[in-house]
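Shown below: target.txt, with compact mmCIF, C-alpha atoms and all ligand atoms.
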```txt
# COMPACT_ATOMS: atom_id res chain seq x y z
CA MET A 107 -170.50 -110.66 -30.81
CA THR A 108 -172.30 -112.95 -28.32
CA MET A 109 -176.06 -112.64 -28.53
CA LYS A 110 -177.96 -112.00 -25.33
CA ARG A 111 -181.31 -113.57 -24.50
CA ALA A 112 -184.22 -111.80 -26.21
CA ILE A 113 -186.06 -109.19 -24.15
CA ARG A 114 -189.79 -108.56 -24.46
CA VAL A 115 -190.72 -105.03 -25.49
CA ALA A 116 -194.40 -104.07 -25.37
CA VAL A 117 -195.46 -101.10 -27.50
CA THR A 118 -198.97 -99.68 -27.32
CA GLY A 119 -200.55 -97.76 -30.18
CA ALA A 120 -198.24 -99.76 -32.41
CA ALA A 121 -200.18 -99.06 -35.61
CA GLY A 122 -200.15 -95.29 -35.02
CA GLN A 123 -197.89 -92.63 -36.40
CA ILE A 124 -195.18 -92.88 -33.76
CA GLY A 125 -195.37 -96.67 -33.87
CA TYR A 126 -194.61 -96.62 -37.57
CA SER A 127 -191.27 -94.90 -36.96
CA LEU A 128 -190.50 -96.52 -33.64
CA LEU A 129 -190.86 -100.25 -34.25
CA PHE A 130 -188.25 -100.35 -36.99
CA ARG A 131 -185.72 -98.55 -34.79
CA ILE A 132 -186.28 -101.01 -31.94
CA ALA A 133 -186.07 -104.04 -34.25
CA SER A 134 -182.89 -102.74 -35.91
CA GLY A 135 -181.01 -102.50 -32.60
CA SER A 136 -180.95 -98.68 -32.20
CA MET A 137 -182.72 -98.78 -28.86
CA PHE A 138 -181.22 -101.73 -26.99
CA GLY A 139 -177.98 -102.34 -28.86
CA MET A 140 -176.74 -104.54 -31.68
CA ASP A 141 -176.27 -107.58 -29.40
CA GLN A 142 -179.76 -107.49 -27.88
CA PRO A 143 -182.54 -109.44 -29.61
CA VAL A 144 -186.11 -108.33 -28.99
CA ILE A 145 -189.59 -109.80 -29.07
CA LEU A 146 -192.10 -107.08 -29.92
CA GLN A 147 -195.47 -107.35 -28.17
CA LEU A 148 -197.72 -104.94 -30.02
CA LEU A 149 -200.99 -103.62 -28.65
CA GLU A 150 -203.75 -101.91 -30.58
CA ILE A 151 -207.41 -101.20 -29.92
CA PRO A 152 -210.05 -103.87 -30.68
CA VAL A 153 -211.16 -102.18 -33.89
CA GLU A 154 -210.79 -103.95 -37.23
CA LYS A 155 -209.12 -101.03 -38.97
CA ALA A 156 -206.47 -100.69 -36.24
CA MET A 157 -205.73 -104.42 -36.07
CA LYS A 158 -205.54 -104.65 -39.87
CA ALA A 159 -203.10 -101.72 -39.93
CA LEU A 160 -201.06 -103.45 -37.23
CA GLU A 161 -200.88 -106.59 -39.36
CA GLY A 162 -199.55 -104.47 -42.20
CA VAL A 163 -196.83 -102.97 -40.00
CA ALA A 164 -195.87 -106.47 -38.84
CA MET A 165 -195.64 -107.60 -42.47
CA GLU A 166 -193.24 -104.73 -43.14
CA LEU A 167 -191.18 -105.65 -40.09
CA ASP A 168 -190.98 -109.20 -41.46
CA ASP A 169 -189.88 -107.80 -44.79
CA CYS A 170 -186.93 -106.03 -43.16
CA ALA A 171 -185.45 -109.40 -42.05
CA PHE A 172 -184.03 -107.78 -38.92
CA PRO A 173 -181.64 -110.31 -37.32
CA LEU A 174 -182.47 -108.99 -33.84
CA LEU A 175 -186.23 -109.39 -34.18
CA HIS A 176 -186.88 -112.76 -32.56
CA GLY A 177 -190.65 -112.64 -32.52
CA MET A 178 -193.81 -110.57 -32.60
CA VAL A 179 -197.12 -110.74 -30.78
CA LEU A 180 -200.02 -108.73 -32.24
CA THR A 181 -202.93 -108.28 -29.89
CA ASP A 182 -205.80 -106.10 -28.71
CA ASP A 183 -205.56 -107.61 -25.23
CA PRO A 184 -203.37 -105.65 -22.77
CA ARG A 185 -202.72 -108.79 -20.70
CA LYS A 186 -201.11 -110.49 -23.69
CA ALA A 187 -199.21 -107.38 -24.72
CA PHE A 188 -197.68 -106.81 -21.29
CA ASP A 189 -197.19 -110.48 -20.36
CA GLY A 190 -193.58 -110.94 -19.22
CA ALA A 191 -192.59 -107.59 -20.77
CA ASN A 192 -189.23 -106.14 -19.73
CA TRP A 193 -190.06 -102.74 -21.23
CA CYS A 194 -193.51 -101.25 -21.76
CA LEU A 195 -193.55 -98.26 -24.10
CA LEU A 196 -196.93 -96.60 -23.69
CA VAL A 197 -197.57 -94.60 -26.84
CA GLY A 198 -201.18 -95.53 -27.61
CA SER A 199 -203.57 -92.66 -26.92
CA LYS A 200 -205.13 -89.76 -28.73
CA PRO A 201 -202.91 -86.95 -30.02
CA ARG A 202 -204.10 -83.33 -29.77
CA GLY A 203 -205.24 -81.36 -32.78
CA PRO A 204 -204.72 -77.70 -33.72
CA GLY A 205 -205.77 -75.22 -31.00
CA MET A 206 -205.67 -77.80 -28.20
CA GLU A 207 -203.26 -78.07 -25.28
CA ARG A 208 -202.00 -81.51 -24.29
CA ALA A 209 -203.81 -81.23 -20.94
CA ASP A 210 -207.11 -81.12 -22.89
CA LEU A 211 -206.54 -84.85 -23.50
CA LEU A 212 -206.39 -85.71 -19.79
CA GLN A 213 -209.89 -87.05 -19.25
CA GLU A 214 -209.92 -89.17 -22.39
CA ASN A 215 -206.35 -90.48 -22.31
CA GLY A 216 -206.01 -90.69 -18.51
CA LYS A 217 -208.39 -93.66 -18.35
CA ILE A 218 -206.11 -95.71 -20.63
CA PHE A 219 -203.26 -95.40 -18.14
CA VAL A 220 -205.34 -96.46 -15.13
CA GLU A 221 -206.00 -99.80 -16.80
CA GLN A 222 -202.61 -100.27 -18.40
CA GLY A 223 -200.77 -99.45 -15.16
CA ARG A 224 -202.83 -102.08 -13.35
CA VAL A 225 -202.30 -104.79 -15.98
CA ILE A 226 -198.56 -104.11 -16.27
CA ASP A 227 -198.32 -104.43 -12.52
CA GLU A 228 -200.03 -107.81 -12.68
CA VAL A 229 -198.35 -109.49 -15.65
CA ALA A 230 -195.11 -107.76 -16.70
CA ALA A 231 -191.62 -109.11 -15.90
CA GLU A 232 -190.14 -108.55 -12.49
CA ASP A 233 -187.58 -106.08 -13.90
CA VAL A 234 -190.08 -104.16 -16.07
CA ARG A 235 -189.51 -100.49 -16.95
CA VAL A 236 -192.39 -98.38 -18.20
CA VAL A 237 -192.08 -95.27 -20.36
CA VAL A 238 -195.08 -93.06 -21.11
CA VAL A 239 -195.23 -91.07 -24.34
CA GLY A 240 -199.01 -90.58 -24.69
CA ASN A 241 -200.04 -87.06 -23.73
CA PRO A 242 -200.20 -85.40 -21.33
CA ALA A 243 -197.23 -87.66 -20.68
CA ASN A 244 -196.18 -86.58 -17.16
CA THR A 245 -199.61 -86.93 -15.62
CA ASN A 246 -200.49 -90.10 -17.55
CA CYS A 247 -197.30 -91.59 -16.16
CA MET A 248 -198.32 -90.64 -12.64
CA ILE A 249 -201.73 -92.25 -13.24
CA ALA A 250 -200.12 -95.50 -14.46
CA ALA A 251 -197.66 -95.61 -11.56
CA ARG A 252 -200.40 -94.97 -9.01
CA SER A 253 -202.40 -97.92 -10.43
CA ALA A 254 -199.51 -100.25 -9.63
CA ARG A 255 -199.20 -102.11 -6.33
CA ARG A 256 -196.14 -104.32 -6.95
CA LEU A 257 -193.94 -101.99 -8.98
CA PRO A 258 -192.18 -99.03 -7.35
CA ALA A 259 -192.69 -95.51 -8.73
CA GLU A 260 -189.09 -95.35 -10.04
CA ARG A 261 -189.97 -97.90 -12.71
CA PHE A 262 -192.21 -95.36 -14.45
CA SER A 263 -190.81 -92.47 -16.47
CA ALA A 264 -192.36 -90.11 -19.01
CA MET A 265 -190.70 -88.69 -22.09
CA VAL A 266 -189.35 -85.14 -22.16
CA ARG A 267 -186.41 -86.09 -24.36
CA LEU A 268 -187.98 -84.57 -27.45
CA ASP A 269 -187.86 -81.24 -25.61
CA GLN A 270 -184.21 -81.75 -24.70
CA ASN A 271 -183.35 -82.55 -28.32
CA ARG A 272 -185.32 -79.54 -29.54
CA ALA A 273 -183.52 -77.26 -27.08
CA GLN A 274 -180.13 -78.63 -28.10
CA THR A 275 -180.79 -77.88 -31.76
CA GLN A 276 -182.13 -74.36 -31.09
CA LEU A 277 -178.99 -73.49 -29.11
CA ALA A 278 -176.75 -74.94 -31.82
CA LYS A 279 -178.51 -72.96 -34.54
CA LYS A 280 -178.29 -69.71 -32.60
CA ALA A 281 -174.58 -70.23 -31.89
CA GLY A 282 -173.87 -71.44 -35.43
CA VAL A 283 -172.29 -74.70 -34.24
CA LEU A 284 -172.99 -78.40 -34.71
CA VAL A 285 -175.50 -79.92 -32.28
CA SER A 286 -172.74 -82.13 -30.89
CA GLU A 287 -171.12 -78.98 -29.46
CA VAL A 288 -174.16 -78.35 -27.22
CA THR A 289 -174.16 -80.29 -23.96
CA GLU A 290 -175.79 -80.27 -20.53
CA ILE A 291 -179.15 -78.85 -21.61
CA TYR A 292 -181.83 -80.45 -19.45
CA ILE A 293 -185.62 -80.10 -19.27
CA TYR A 294 -187.46 -79.44 -16.02
CA GLY A 295 -191.16 -79.86 -15.36
CA ASN A 296 -194.07 -80.63 -17.63
CA HIS A 297 -194.03 -81.69 -21.28
CA SER A 298 -196.08 -78.58 -22.07
CA PRO A 299 -195.37 -74.95 -22.92
CA THR A 300 -194.46 -74.34 -19.25
CA MET A 301 -191.43 -76.67 -19.40
CA PHE A 302 -188.11 -75.09 -18.53
CA PRO A 303 -185.10 -75.80 -20.74
CA ALA A 304 -182.43 -74.79 -18.20
CA PHE A 305 -180.04 -72.87 -20.45
CA GLY A 306 -178.12 -71.59 -17.41
CA HIS A 307 -176.27 -74.92 -17.11
CA ALA A 308 -175.89 -75.67 -20.81
CA LYS A 309 -172.48 -75.62 -22.47
CA ILE A 310 -171.50 -74.83 -26.02
CA GLY A 311 -168.07 -76.10 -26.98
CA GLY A 312 -167.45 -76.61 -23.26
CA ARG A 313 -168.18 -72.94 -22.36
CA PRO A 314 -171.34 -71.62 -20.67
CA ALA A 315 -174.08 -71.25 -23.30
CA VAL A 316 -175.15 -67.95 -21.74
CA GLU A 317 -171.70 -66.50 -22.50
CA VAL A 318 -171.44 -67.97 -26.00
CA ILE A 319 -174.95 -66.84 -27.01
CA GLY A 320 -174.45 -63.45 -25.30
CA ASP A 321 -178.15 -62.60 -25.44
CA ARG A 322 -180.02 -63.35 -22.22
CA GLY A 323 -183.19 -61.77 -23.60
CA TRP A 324 -183.27 -64.35 -26.40
CA LEU A 325 -182.60 -67.22 -23.99
CA GLU A 326 -185.32 -66.17 -21.54
CA GLY A 327 -187.79 -65.25 -24.28
CA GLU A 328 -187.72 -66.71 -27.77
CA PHE A 329 -185.65 -69.77 -26.88
CA CYS A 330 -187.98 -70.97 -24.08
CA GLU A 331 -191.02 -70.09 -26.21
CA VAL A 332 -189.84 -71.94 -29.32
CA VAL A 333 -188.88 -75.08 -27.39
CA GLY A 334 -192.08 -75.00 -25.29
CA LYS A 335 -194.38 -74.53 -28.27
CA ARG A 336 -192.54 -76.66 -30.82
CA GLY A 337 -195.15 -79.43 -30.65
CA ALA A 338 -197.90 -76.98 -31.65
CA ALA A 339 -195.70 -75.56 -34.43
CA ILE A 340 -195.24 -79.08 -35.85
CA ILE A 341 -199.00 -79.69 -35.72
CA ALA A 342 -199.65 -76.38 -37.50
CA ALA A 343 -197.11 -77.22 -40.21
CA ARG A 344 -197.78 -80.93 -40.69
CA GLY A 345 -201.44 -81.15 -39.77
CA ALA A 346 -200.49 -83.98 -37.40
CA SER A 347 -198.41 -84.21 -34.27
CA SER A 348 -194.72 -85.00 -34.34
CA ALA A 349 -194.06 -88.68 -34.94
CA ALA A 350 -190.61 -89.50 -36.32
CA SER A 351 -188.89 -87.06 -33.95
CA ALA A 352 -190.97 -88.41 -31.05
CA ALA A 353 -189.97 -91.98 -31.92
CA ASN A 354 -186.35 -90.89 -32.16
CA ALA A 355 -186.58 -89.21 -28.75
CA LEU A 356 -187.95 -92.41 -27.25
CA VAL A 357 -185.01 -94.33 -28.69
CA ASP A 358 -182.71 -91.79 -27.01
CA HIS A 359 -184.65 -91.94 -23.72
CA VAL A 360 -184.47 -95.72 -23.43
CA ARG A 361 -180.92 -96.08 -24.80
CA ASP A 362 -179.58 -93.51 -22.33
CA LEU A 363 -181.57 -95.12 -19.52
CA CYS A 364 -179.77 -98.36 -20.36
CA THR A 365 -176.33 -96.72 -20.40
CA PRO A 366 -174.71 -96.27 -16.95
CA GLY A 367 -173.19 -92.82 -16.48
CA LYS A 368 -175.39 -91.02 -19.03
CA VAL A 369 -176.98 -87.79 -17.80
CA HIS A 370 -180.24 -86.96 -19.60
CA SER A 371 -183.74 -85.57 -19.08
CA ILE A 372 -186.63 -87.84 -18.19
CA ALA A 373 -189.79 -87.15 -16.20
CA VAL A 374 -189.86 -89.07 -12.93
CA LYS A 375 -191.59 -88.87 -9.55
CA SER A 376 -189.95 -85.74 -8.22
CA ASN A 377 -189.84 -86.66 -4.53
CA GLY A 378 -189.46 -82.93 -3.94
CA ALA A 379 -186.35 -82.39 -6.10
CA TYR A 380 -185.86 -78.77 -7.21
CA GLY A 381 -188.95 -77.73 -5.21
CA PHE A 382 -191.42 -79.81 -7.25
CA HIS A 383 -194.42 -81.28 -5.46
CA PRO A 384 -193.13 -84.69 -4.30
CA ASP A 385 -195.95 -86.62 -6.00
CA VAL A 386 -195.78 -85.15 -9.52
CA TRP A 387 -193.78 -86.58 -12.40
CA ALA A 388 -191.44 -83.76 -13.42
CA GLY A 389 -188.80 -83.54 -16.12
CA LEU A 390 -185.44 -83.65 -14.32
CA PRO A 391 -181.82 -84.39 -15.14
CA VAL A 392 -181.00 -87.96 -14.13
CA ARG A 393 -177.82 -90.03 -14.18
CA THR A 394 -178.26 -93.66 -15.22
CA THR A 395 -176.81 -95.90 -12.51
CA THR A 396 -177.45 -99.45 -13.71
CA PRO A 397 -179.41 -100.29 -16.88
CA GLY A 398 -182.99 -99.07 -16.35
CA SER A 399 -182.23 -97.27 -13.05
CA TYR A 400 -181.22 -93.69 -12.31
CA GLU A 401 -180.53 -91.08 -9.68
CA VAL A 402 -181.78 -87.51 -9.99
CA VAL A 403 -178.88 -85.09 -10.44
CA LEU A 404 -179.29 -82.57 -7.65
CA GLY A 405 -177.40 -79.40 -6.93
CA PHE A 406 -177.74 -77.38 -10.12
CA GLU A 407 -177.99 -73.75 -8.97
CA MET A 408 -181.20 -71.97 -10.02
CA ASP A 409 -181.30 -68.16 -10.37
CA ASP A 410 -184.46 -66.04 -9.89
CA PHE A 411 -185.60 -66.51 -13.49
CA ALA A 412 -185.15 -70.29 -13.28
CA ARG A 413 -186.90 -70.51 -9.91
CA LYS A 414 -189.93 -68.67 -11.31
CA LYS A 415 -190.06 -71.00 -14.32
CA LEU A 416 -189.90 -74.04 -12.02
CA GLU A 417 -192.75 -72.64 -9.90
CA VAL A 418 -194.97 -72.16 -12.95
CA THR A 419 -194.42 -75.61 -14.40
CA ASN A 420 -194.80 -77.21 -10.95
CA ARG A 421 -198.11 -75.39 -10.46
CA GLU A 422 -199.39 -76.77 -13.74
CA LEU A 423 -198.39 -80.33 -12.80
CA VAL A 424 -200.15 -79.96 -9.44
CA GLU A 425 -203.27 -78.69 -11.23
CA GLU A 426 -203.21 -81.67 -13.58
CA MET A 427 -202.87 -83.98 -10.57
CA GLU A 428 -205.94 -82.32 -9.00
CA THR A 429 -207.90 -82.76 -12.25
CA VAL A 430 -207.32 -86.52 -12.31
CA LYS A 431 -207.66 -87.09 -8.55
CA ALA A 432 -210.54 -89.50 -9.12
CA MET A 433 -208.34 -91.71 -11.34
CA LEU A 434 -205.47 -92.05 -8.86
CA GLY A 435 -205.03 -95.23 -6.88
P1 LIG A 501 -201.81 -91.84 -33.54
O1 LIG A 501 -203.24 -91.45 -33.39
O2 LIG A 501 -201.19 -91.83 -34.88
O3 LIG A 501 -201.60 -93.30 -32.94
C1 LIG A 501 -202.08 -93.66 -31.71
C2 LIG A 501 -202.44 -95.14 -31.78
O4 LIG A 501 -202.79 -95.54 -30.48
C3 LIG A 501 -203.62 -95.43 -32.69
O5 LIG A 501 -203.26 -96.42 -33.63
C4 LIG A 501 -204.72 -95.91 -31.74
O6 LIG A 501 -205.54 -96.91 -32.31
C5 LIG A 501 -203.87 -96.45 -30.59
N1 LIG A 501 -204.53 -96.49 -29.29
C6 LIG A 501 -205.43 -95.62 -28.78
N2 LIG A 501 -205.84 -96.04 -27.56
C7 LIG A 501 -205.16 -97.17 -27.30
C8 LIG A 501 -205.14 -98.08 -26.20
N3 LIG A 501 -205.93 -97.89 -25.15
N4 LIG A 501 -204.33 -99.13 -26.26
C9 LIG A 501 -203.55 -99.36 -27.35
N5 LIG A 501 -203.53 -98.55 -28.42
C10 LIG A 501 -204.32 -97.46 -28.39
O7 LIG A 501 -200.99 -90.94 -32.51
P2 LIG A 501 -199.40 -90.72 -32.42
O8 LIG A 501 -199.03 -89.58 -33.30
O9 LIG A 501 -198.71 -92.01 -32.59
O10 LIG A 501 -199.25 -90.19 -30.93
C11 LIG A 501 -199.53 -91.03 -29.82
C12 LIG A 501 -199.47 -90.24 -28.52
O11 LIG A 501 -198.15 -89.75 -28.31
C13 LIG A 501 -200.37 -89.01 -28.49
O12 LIG A 501 -200.96 -88.90 -27.21
C14 LIG A 501 -199.40 -87.86 -28.72
O13 LIG A 501 -199.88 -86.63 -28.23
C15 LIG A 501 -198.21 -88.37 -27.93
N6 LIG A 501 -196.92 -87.73 -28.23
C16 LIG A 501 -196.08 -87.49 -27.17
C17 LIG A 501 -194.84 -86.91 -27.38
C18 LIG A 501 -193.92 -86.61 -26.24
O14 LIG A 501 -192.88 -85.96 -26.47
N7 LIG A 501 -194.16 -87.05 -25.00
C19 LIG A 501 -194.44 -86.60 -28.68
C20 LIG A 501 -195.31 -86.87 -29.75
C21 LIG A 501 -196.56 -87.43 -29.50
C1 LIG A 502 -194.84 -82.86 -29.24
O1 LIG A 502 -194.26 -82.24 -28.35
O2 LIG A 502 -194.54 -82.75 -30.44
C2 LIG A 502 -195.93 -83.84 -28.85
O3 LIG A 502 -196.18 -83.80 -27.47
C3 LIG A 502 -197.19 -83.66 -29.64
C4 LIG A 502 -197.95 -82.42 -29.24
O4 LIG A 502 -199.15 -82.52 -28.97
O5 LIG A 502 -197.35 -81.35 -29.20
```

If you took the structure in this file and wrote it as structure tokens, what would it be?
Amino acid sequence: MTMKRAIRVAVTGAAGQIGYSLLFRIASGSMFGMDQPVILQLLEIPVEKAMKALEGVAMELDDCAFPLLHGMVLTDDPRKAFDGANWCLLVGSKPRGPGMERADLLQENGKIFVEQGRVIDEVAAEDVRVVVVGNPANTNCMIAARSARRLPAERFSAMVRLDQNRAQTQLAKKAGVLVSEVTEIYIYGNHSPTMFPAFGHAKIGGRPAVEVIGDRGWLEGEFCEVVGKRGAAIIAARGASSAASAANALVDHVRDLCTPGKVHSIAVKSNGAYGFHPDVWAGLPVRTTTPGSYEVVLGFEMDDFARKKLEVTNRELVEEMETVKAMLG
């Protein structure tokens, strides 16, 4: 296999929980492919404990002797972390605790994305793609994109893939089939309990999921509720927010965004698709066109139930946008 030139991948919050699962997947080739070397540019906060922990993670990465890992930069300076980066994976921020909603983190975490959006715009590679994981992910992504002057909005996406994966598994369990049998389940709206996993278009074994499941009450009720509140259920069970599954979802998000023809859920500037406010970042089904680029898949029919769900999640995104108005460039 011919090796490509190494790409620079910046990861923020690299010494955190998600970072600890994520970095090894990137360095092993799961995210960008087995012929794509990477240079990891790892950002943490300027606090001794965080930087020391980051050093430890880097030592472990060294100890894996990953052939695709062509270098590492450890820094507490965003300019160094994002310098020449082809991908910026923005994980670093505070997770919520029990009893909180993700939107409760807006004021504290939002500020991080104002600065990071600006610095990425100034120093990252010309072809940079930015993915926001830190919560509330959709609105943080909007904040980062609005801080940019050079980079177009399409370069910024937020992660709703964990929700898609969760929905896929719930449908498979209910139908008693393998997850690979469940296809075309996409997430619309906010990465919050209002998100809409659009079961109406999903297929199980190639047949409409609604027919296979045969229980619309479950799909409209428990299914949406379990998927929407899965993050809180993980926090209640683990005492900490999801990390390995979040890292795995980010691998899926980026890998599919690098694979032309793939249809998958990411949160992007809606531009009015499916009735969303044009300026919010909403989970939508997209088709990857060229590596790192996409088109929104339009034309899925929405029934009354679906339309109401879209209205609710759109309203929440608009409210979040209003809350952070002062942070928007
Ligand atoms: P964590 O607290 O374990 O790690 C976060 C790390 O980020 C810490 O090491 C911290 O020092 C660092 N950090 C904080 N501010 C930073 C900054 N300005 N620059 C660089 N680094 C910074 O948290 P975690 O479990 O890894 O979760 C990280 C974020 O991801 C949280 O906001 C969490 O809610 C979110 N999350 C999102 C999804 C999703 O599906 N979108 C899923 C899981 C978690
Ligand atoms: C999740 O969905 O697991 C994450 O967004 C963490 C959280 O706060 O729920």

Just need the box for range 310-321 of chain A, edges along x, y and z, holding every atom the file lists for it with 6 Å tacked onto each side, so centre and edge lengths in Å to one decimal, as lines of an AutoDock Vina configuration file.
```
center_x = -172.8
center_y = -69.6
center_z = -23.8
size_x = 22.7
size_y = 26.0
size_z = 18.3
```

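With only C-alpha atoms and all ligand atoms counted, the chains near ligand LIG 501 (chain A) contribute these residues within 6 Å: A:Thr118, A:Gly119, A:Ala121, A:Gly122, A:Gln123, A:Ile124, A:Gly125, A:Leu149, A:Glu150, A:Ile151, A:Ala156, A:Val197, A:Gly198, A:Ser199, A:Lys200, A:Pro201, A:Arg202, A:Ile218, A:Val239, A:Gly240, A:Asn241, A:Ala243, A:Met265, A:Val266, A:Leu268, A:Ser347, A:Ser348, A:Ala349, A:Ala352.
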
Could you list, as a PDB file with C-alpha atoms, in the coordinates of the input, every residue within 12 Å of range 396-405 of chain A, counting all atoms listed in the file and ignoring same-chain residues fewer than 2 positions away?
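Heads up, here's the output in selection36.pdb:
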```
ATOM      1  CA  PHE A 138    -181.220-101.730 -26.990  1.00  0.00           C
ATOM      2  CA  ASN A 192    -189.230-106.140 -19.730  1.00  0.00           C
ATOM      3  CA  TRP A 193    -190.060-102.740 -21.230  1.00  0.00           C
ATOM      4  CA  ASP A 233    -187.580-106.080 -13.900  1.00  0.00           C
ATOM      5  CA  VAL A 234    -190.080-104.160 -16.070  1.00  0.00           C
ATOM      6  CA  ARG A 235    -189.510-100.490 -16.950  1.00  0.00           C
ATOM      7  CA  VAL A 236    -192.390 -98.380 -18.200  1.00  0.00           C
ATOM      8  CA  VAL A 237    -192.080 -95.270 -20.360  1.00  0.00           C
ATOM      9  CA  PRO A 258    -192.180 -99.030  -7.350  1.00  0.00           C
ATOM     10  CA  ALA A 259    -192.690 -95.510  -8.730  1.00  0.00           C
ATOM     11  CA  GLU A 260    -189.090 -95.350 -10.040  1.00  0.00           C
ATOM     12  CA  ARG A 261    -189.970 -97.900 -12.710  1.00  0.00           C
ATOM     13  CA  PHE A 262    -192.210 -95.360 -14.450  1.00  0.00           C
ATOM     14  CA  SER A 263    -190.810 -92.470 -16.470  1.00  0.00           C
ATOM     15  CA  GLU A 290    -175.790 -80.270 -20.530  1.00  0.00           C
ATOM     16  CA  TYR A 292    -181.830 -80.450 -19.450  1.00  0.00           C
ATOM     17  CA  TYR A 294    -187.460 -79.440 -16.020  1.00  0.00           C
ATOM     18  CA  HIS A 307    -176.270 -74.920 -17.110  1.00  0.00           C
ATOM     19  CA  HIS A 359    -184.650 -91.940 -23.720  1.00  0.00           C
ATOM     20  CA  VAL A 360    -184.470 -95.720 -23.430  1.00  0.00           C
ATOM     21  CA  ARG A 361    -180.920 -96.080 -24.800  1.00  0.00           C
ATOM     22  CA  ASP A 362    -179.580 -93.510 -22.330  1.00  0.00           C
ATOM     23  CA  LEU A 363    -181.570 -95.120 -19.520  1.00  0.00           C
ATOM     24  CA  CYS A 364    -179.770 -98.360 -20.360  1.00  0.00           C
ATOM     25  CA  THR A 365    -176.330 -96.720 -20.400  1.00  0.00           C
ATOM     26  CA  PRO A 366    -174.710 -96.270 -16.950  1.00  0.00           C
ATOM     27  CA  GLY A 367    -173.190 -92.820 -16.480  1.00  0.00           C
ATOM     28  CA  LYS A 368    -175.390 -91.020 -19.030  1.00  0.00           C
ATOM     29  CA  VAL A 369    -176.980 -87.790 -17.800  1.00  0.00           C
ATOM     30  CA  HIS A 370    -180.240 -86.960 -19.600  1.00  0.00           C
ATOM     31  CA  SER A 371    -183.740 -85.570 -19.080  1.00  0.00           C
ATOM     32  CA  ILE A 372    -186.630 -87.840 -18.190  1.00  0.00           C
ATOM     33  CA  ALA A 373    -189.790 -87.150 -16.200  1.00  0.00           C
ATOM     34  CA  VAL A 374    -189.860 -89.070 -12.930  1.00  0.00           C
ATOM     35  CA  LYS A 375    -191.590 -88.870  -9.550  1.00  0.00           C
ATOM     36  CA  SER A 376    -189.950 -85.740  -8.220  1.00  0.00           C
ATOM     37  CA  ASN A 377    -189.840 -86.660  -4.530  1.00  0.00           C
ATOM     38  CA  GLY A 378    -189.460 -82.930  -3.940  1.00  0.00           C
ATOM     39  CA  ALA A 379    -186.350 -82.390  -6.100  1.00  0.00           C
ATOM     40  CA  TYR A 380    -185.860 -78.770  -7.210  1.00  0.00           C
ATOM     41  CA  GLY A 381    -188.950 -77.730  -5.210  1.00  0.00           C
ATOM     42  CA  ALA A 388    -191.440 -83.760 -13.420  1.00  0.00           C
ATOM     43  CA  GLY A 389    -188.800 -83.540 -16.120  1.00  0.00           C
ATOM     44  CA  LEU A 390    -185.440 -83.650 -14.320  1.00  0.00           C
ATOM     45  CA  PRO A 391    -181.820 -84.390 -15.140  1.00  0.00           C
ATOM     46  CA  VAL A 392    -181.000 -87.960 -14.130  1.00  0.00           C
ATOM     47  CA  ARG A 393    -177.820 -90.030 -14.180  1.00  0.00           C
ATOM     48  CA  THR A 394    -178.260 -93.660 -15.220  1.00  0.00           C
ATOM     49  CA  GLU A 407    -177.990 -73.750  -8.970  1.00  0.00           C
ATOM     50  CA  MET A 408    -181.200 -71.970 -10.020  1.00  0.00           C
TER      51      MET A 408
END
```

message = Give me, as an MDAnalysis selection string, all polymer residues having an atom no more than 12 Å from Lys110 in chain A, counting only C-alpha atoms and skipping those fewer than 5 positions away in the same chain.
response = chainID A and resid 138:144 174 176

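Using all atoms listed in the file, the nearest neighbour of Val229 in chain A within the list A:Glu214, A:Asp189, A:Glu287, A:Asp183 is A:Asp189.
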
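CA of Pro152 in chain A is found 15.8 Å from CA of Phe188 in chain A.
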